[in-house]
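Notes follow the structure.
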Protein chains: 2
Amino acid sequence: MSHSACHNVLDPVVGERLDGPQDIARLAVAVGSASLDLLQADHAWSGIEIALWDLLGRARDAPVHDLLGEGPPVPRTPYASSLFGDEPHDTWAKARAVAGAGYRAAKFGWGPYGLGTGERGLATDADHVMAARDGLGPDAALLVDAGTVWGSDVDAAAARLPALEDAGVTWLEEPFASGALDAYAALARRCARVRLAAGEGAHTPWQARHLVDHGGLGFVQVDTGRIGGIGPAAAVARHARRRGVRFVNHTFTTHLALSASLQPYAASPEDTLCEYPVEQSELARAATLTRLDRGRDGLVRVPDAPGLGVSPDLAALRPYLVDVEITVAGRTLYRTPELVP
Amino acid sequence: MSHSACHNVLDPVVGERLDGPQDIARLAVAVGSASLDLLQADHAWSGIEIALWDLLGRARDAPVHDLLGEGPPVPRTPYASSLFGDEPHDTWAKARAVAGAGYRAAKFGWGPYGLGTGERGLATDADHVMAARDGLGPDAALLVDAGTVWGSDVDAAAARLPALEDAGVTWLEEPFASGALDAYAALARRCARVRLAAGEGAHTPWQARHLVDHGGLGFVQVDTGRIGGIGPAAAVARHARRRGVRFVNHTFTTHLALSASLQPYAASPEDTLCEYPVEQSELARAATLTRLDRGRDGLVRVPDAPGLGVSPDLAALRPYLVDVEITVAGRTLYRTPELVP
C-alpha cells in the first residue's frame with residue numbers, strides 16, 4: 001500500500017452493523033476517509049450504498065424515500081432523451097414521435113449540435129432547435145444537451161442563446177466541461193429565460209455543490225450511481241433547494257438505477273422533471289423484473305414497495321456475466337462471484 | 001465498454017508521434033476526452049506525460065524547463081517536512097534537528113495537532129506550534145499542515161489562528177477537505193498574516209483552479225504526478241500567478257518525482273519554496289541513480305541535464321517488482337512487464 005488513504009472500499013464496510021440510516025452515513029464517512037485518494041471510490045461506494053438502503057428498506061418493510069424522512073413522494077414528469085437528427089427534418093420527425101408517445105418533456109442532444117462554425121453553424125443549430133420545438137408542439141418542455149461541446153468557450157455557447165430563447169428551451173445542458181465553473185457563471189449571466197443544467201460530471205457531492213454555488217446553474221443533475229449513492233445525492237438536493245436551484249436525476253440503463261435516482265428528491269414538489277430511460281439496451285431491460293412504467297397521466301412514480309421496490313432478474317443477467325480474475329504475487333485478489341438468486 | 005468516455009488511457013497514445021511540446025498537449029486532450037469518466041485517468045496519464053517530457057528533452061538534448069520556455073530556472077528554498085511530536089518538547093527537538101541540518105524552512109503536521117477539543121486542545125496545539133518556532137529559530141519559515149482534520153468546520157480552524165499568527169506561521173495547510181471551498185474562503189477572511197495552502201487533493205487542473213479562484217488560498221500545492229503531469233501543472237502555476245497566489249510543488253517519494261514537480265514553476269522568481277523529501281523510504285532512495293541534493297547555499301536546483309535530469313536505477317528497482325495479472329473472459333489484459341534497462 002502506497003499510503004493510508006488507499007484502502008479498498010470494502011475494508012470499512014464488511015462486518016459492520018446496519019440498524020438505520022445513520023449507519024449508512026457512518027460507513028460513508030469511513031469509506032471516504034479510508035479511500036480518500038482512490039478517485040473511483042465514490043463511484044464504487046455508490047453501488048454499495050444504494051444496496052444498503054434497499055436492504056434496510058426491505059428489513060423495515062418501508063420504501064427508501066420513507067427512510068429518508070422527507071414526506072410523501074410527488075409524481076414526476078419524465079423527459080424522453082433523443083439524439084438530434086442528422087438534418088433538422090430528422091429532428092422534427094423524432095420530436096413528433098416523442099410527442100405522439102405522450103411525452104410532455106423531451107431532451108435533444110449531441111449529434112451535429114454545436115459542431116458547426118460561423119453563421120452557417122449557428123443557423124443549422126437554430127434550425128435543429130426550432131424543428132424540435134415544432135415537432136413537440138408549443139406546450140412541451142424542450143431541453144437541449146450540448147454534451148460539453150464548447151469546452152470552456154463562453155462566446156461559442158452564447159452565440160446559440162438567441163435561438164434557444166426563441167424556442168422556449170427550458171435548459172441548456174452541459175455547454176462546458178464540468179470543471180469550467182467560470183464559463184458556466186459567465187454564460188448564466190447572458191441567459192434570459194433559458195437556464196443552465198449540469199452535474200452528471202460531478203463525481204463527488206463537493207463537485208455538485210461547486211456547480212450550484214459557483215456555476216450559476218438553474219438545474220443540477222445528479223447521478224445517484226456515481227456521486228456516492230442516495231444519501232449524498234439527497235444532501236445535494238437539499239443544498240440546491242436552499243440555493244434556489246432545481247434538482248433532477250441523471251440516469252440511464254436500468255429501472256433499478258432509475259428508482260435509486262428518484263429517491264433523493266422524491267418528496268420535493270418544486271423539482272418536477274425526471275430523466276427517464278426511453279431507449280433501453282437489451283441488457284438494461286433484462287436486468288429487472290419490475291418496471292417503473294409511466295402512469296395513465298404520463299407521470300412516473302417512485303415505487304411504494306419496500307426498499308427500492310425493484311427486483312433484479314438474476315437469471316436474465318447470468319448470460320452477461322464476464323469472468324474476471326486479478327492476481328497479485330500469486331494471490332487472487334478478485335474473481336467474478338457466482339450469481340446466487 | 002459501458003460508454004464512449006471509458007477508454008484505456010493508452011488507447012489514444014500508443015503509436016502517436018512526439019515531435020514537440022504541442023504533441024504532448026494534443027495527447028492530453030485526446031486522453032481527457034477518451035477517458036472522461038475514468039477518474040483515475042489524470043493520475044495514470046501523469047506518469048506517461050512526465051515520461052514524454054523526459055523523452056522529448058533527451059531527444060532534443062534540453063532540460064524539460066527549457067522546453068517549457070519560461071526562462072532560466074531559479075533555485076528554491078527546500079522545506080523539511082516532519083510530524084509534530086507526541087509532546088511539545090518532542091516537537092521542539094525535531095525543529096532543533098531540522099534547523100541544525102541547515103533547513104531555513106520546515107513544515108510540521110498531523111500527529112496530535114487539531115485533534116484535541118476545548119481550551120485544553122487549543123492550548124496544546126498552541127504549545128506545539130510555539131515549540132516548533134522556538135526550535136527553528138526566529139528567521140526560518142514555519143509551515144503547519146492540519147491534514148484536513150477539521151473537515152469543513154471553520155470555527156474549529158479559526159480558533160487556532162491566534163497561535164499561528166503569534167508564531168509567525170507562513171501557511172496553514174489543508175485545514176479542510178479539498179472540496180470545502182466555502183470553508184477555505186471563510187477562514188481566509190479571518191486570517192491576518194497567515195496564508196492558507198492546499199492543492200495536493202486536486203486531482204485535475206480544474207480542482208486546483210477552483211481552490212485558487214474560490215478558496216482564498218495564499219499557496220496552491222500541485223502534485224505533478226497526480227494532476228495530469230508537467231503541462232497541466234504549469235498551466236495551474238500560470239493561473240495562480242495571474243491571481244496573485246503562490247505555487248509550490250507537492251511531492252514525496254523519489255527524486256525523479258521531485259524533478260518533475262519542480263519543472264512547472266522552475267522559472268518563477270516569486271515562488272520561492274519547494275517541498276523536499278527528507279525522510280525517504282528505502283524504495284524511494286533506491287529508485288534513482290541521480291539525486292537532487294541541496295547546494296552549499298542550502299538551495300535546491302532543478303537539474304540542467306537533458307529531460308528531467310534524473311536516471312532511474314532499474315536494477316535496484318527489480319526486487320520491488322510485483323507480479324500482477326488481470327484476465328477477462330480468458331484474455332490477459334495486463335501482466336507486469338519485464339524491466340528492461
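Just remember, in the C-alpha cells the first chain shown is A, the second B, etc., residues are 1-based per chain, and ligands are 1-based in the order shown.
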Task: Exercise answer, chain B residues close to chain A, 7 Å and only C-alpha atoms, as a PyMOL selection string - done: chain B and resi 39-40+179+206+322-329
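Within segment 4-123 of chain B, residues classed as strand (DSSP E or B) by DSSP on backbone coordinates are Pro63, Arg76, Thr77, Pro78, Tyr79, Ala80, Ser81, Ser82, Leu83, Ala105, Ala106, Lys107, Phe108 and Gly109 of chain B.
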Open item on the list: Env of Lys94 of chain A: 9 Å cut, atoms = only C-alpha atoms, seq-sep filter 4 positions within chain, self excluded. Answer as a PyMOL selection string.
Closed with: chain A and resi 82-85+89-90+98-99+132+135-136
Could you write out the selected residues, including N, CA and C atoms, as a PDB file, in the first residue's frame?
```pdb
ATOM      1  N   SER A  82     -33.376  12.034 -26.734  1.00  0.00           N
ATOM      2  CA  SER A  82     -33.022  11.574 -28.078  1.00  0.00           C
ATOM      3  C   SER A  82     -31.787  12.319 -28.545  1.00  0.00           C
ATOM      4  N   LEU A  83     -31.104  11.746 -29.536  1.00  0.00           N
ATOM      5  CA  LEU A  83     -30.065  12.488 -30.249  1.00  0.00           C
ATOM      6  C   LEU A  83     -30.752  13.408 -31.257  1.00  0.00           C
ATOM      7  N   PHE A  84     -30.166  14.573 -31.509  1.00  0.00           N
ATOM      8  CA  PHE A  84     -30.619  15.356 -32.648  1.00  0.00           C
ATOM      9  C   PHE A  84     -30.495  14.504 -33.912  1.00  0.00           C
ATOM     10  N   GLY A  85     -31.359  14.732 -34.902  1.00  0.00           N
ATOM     11  CA  GLY A  85     -31.240  14.026 -36.168  1.00  0.00           C
ATOM     12  C   GLY A  85     -30.082  14.574 -37.000  1.00  0.00           C
ATOM     13  N   HIS A  89     -34.947  18.126 -40.438  1.00  0.00           N
ATOM     14  CA  HIS A  89     -36.184  17.378 -40.659  1.00  0.00           C
ATOM     15  C   HIS A  89     -36.211  16.076 -39.857  1.00  0.00           C
ATOM     16  N   ASP A  90     -35.046  15.448 -39.715  1.00  0.00           N
ATOM     17  CA  ASP A  90     -34.969  14.234 -38.902  1.00  0.00           C
ATOM     18  C   ASP A  90     -35.263  14.547 -37.434  1.00  0.00           C
ATOM     19  N   VAL A  98     -41.887  11.478 -30.289  1.00  0.00           N
ATOM     20  CA  VAL A  98     -41.857  11.592 -28.830  1.00  0.00           C
ATOM     21  C   VAL A  98     -43.176  12.174 -28.323  1.00  0.00           C
ATOM     22  N   ALA A  99     -43.647  13.228 -28.980  1.00  0.00           N
ATOM     23  CA  ALA A  99     -44.922  13.835 -28.583  1.00  0.00           C
ATOM     24  C   ALA A  99     -46.053  12.831 -28.778  1.00  0.00           C
ATOM     25  N   ALA A 132     -37.155  20.818 -33.362  1.00  0.00           N
ATOM     26  CA  ALA A 132     -37.563  20.067 -32.174  1.00  0.00           C
ATOM     27  C   ALA A 132     -38.799  20.703 -31.549  1.00  0.00           C
ATOM     28  N   GLY A 135     -41.871  20.013 -33.734  1.00  0.00           N
ATOM     29  CA  GLY A 135     -42.317  18.630 -33.638  1.00  0.00           C
ATOM     30  C   GLY A 135     -42.993  18.321 -32.313  1.00  0.00           C
ATOM     31  N   LEU A 136     -42.490  18.927 -31.232  1.00  0.00           N
ATOM     32  CA  LEU A 136     -43.043  18.664 -29.896  1.00  0.00           C
ATOM     33  C   LEU A 136     -44.357  19.375 -29.661  1.00  0.00           C
TER      34      LEU A 136
END
```
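Between Glu275 of chain B and the residues B:Ala106, B:Cys191, B:Leu196, B:Val154, the shortest atom-to-atom distance, using only C-alpha atoms, involves B:Ala106.
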Open item on the list: For Ala284 of chain B, find every residue with an atom within 10 Å (counting only C-alpha atoms), except residues of its own chain fewer than 4 positions away, and show them as a ChimeraX atom specification.
Closed with: /B:252-257,277,279-280,288,317
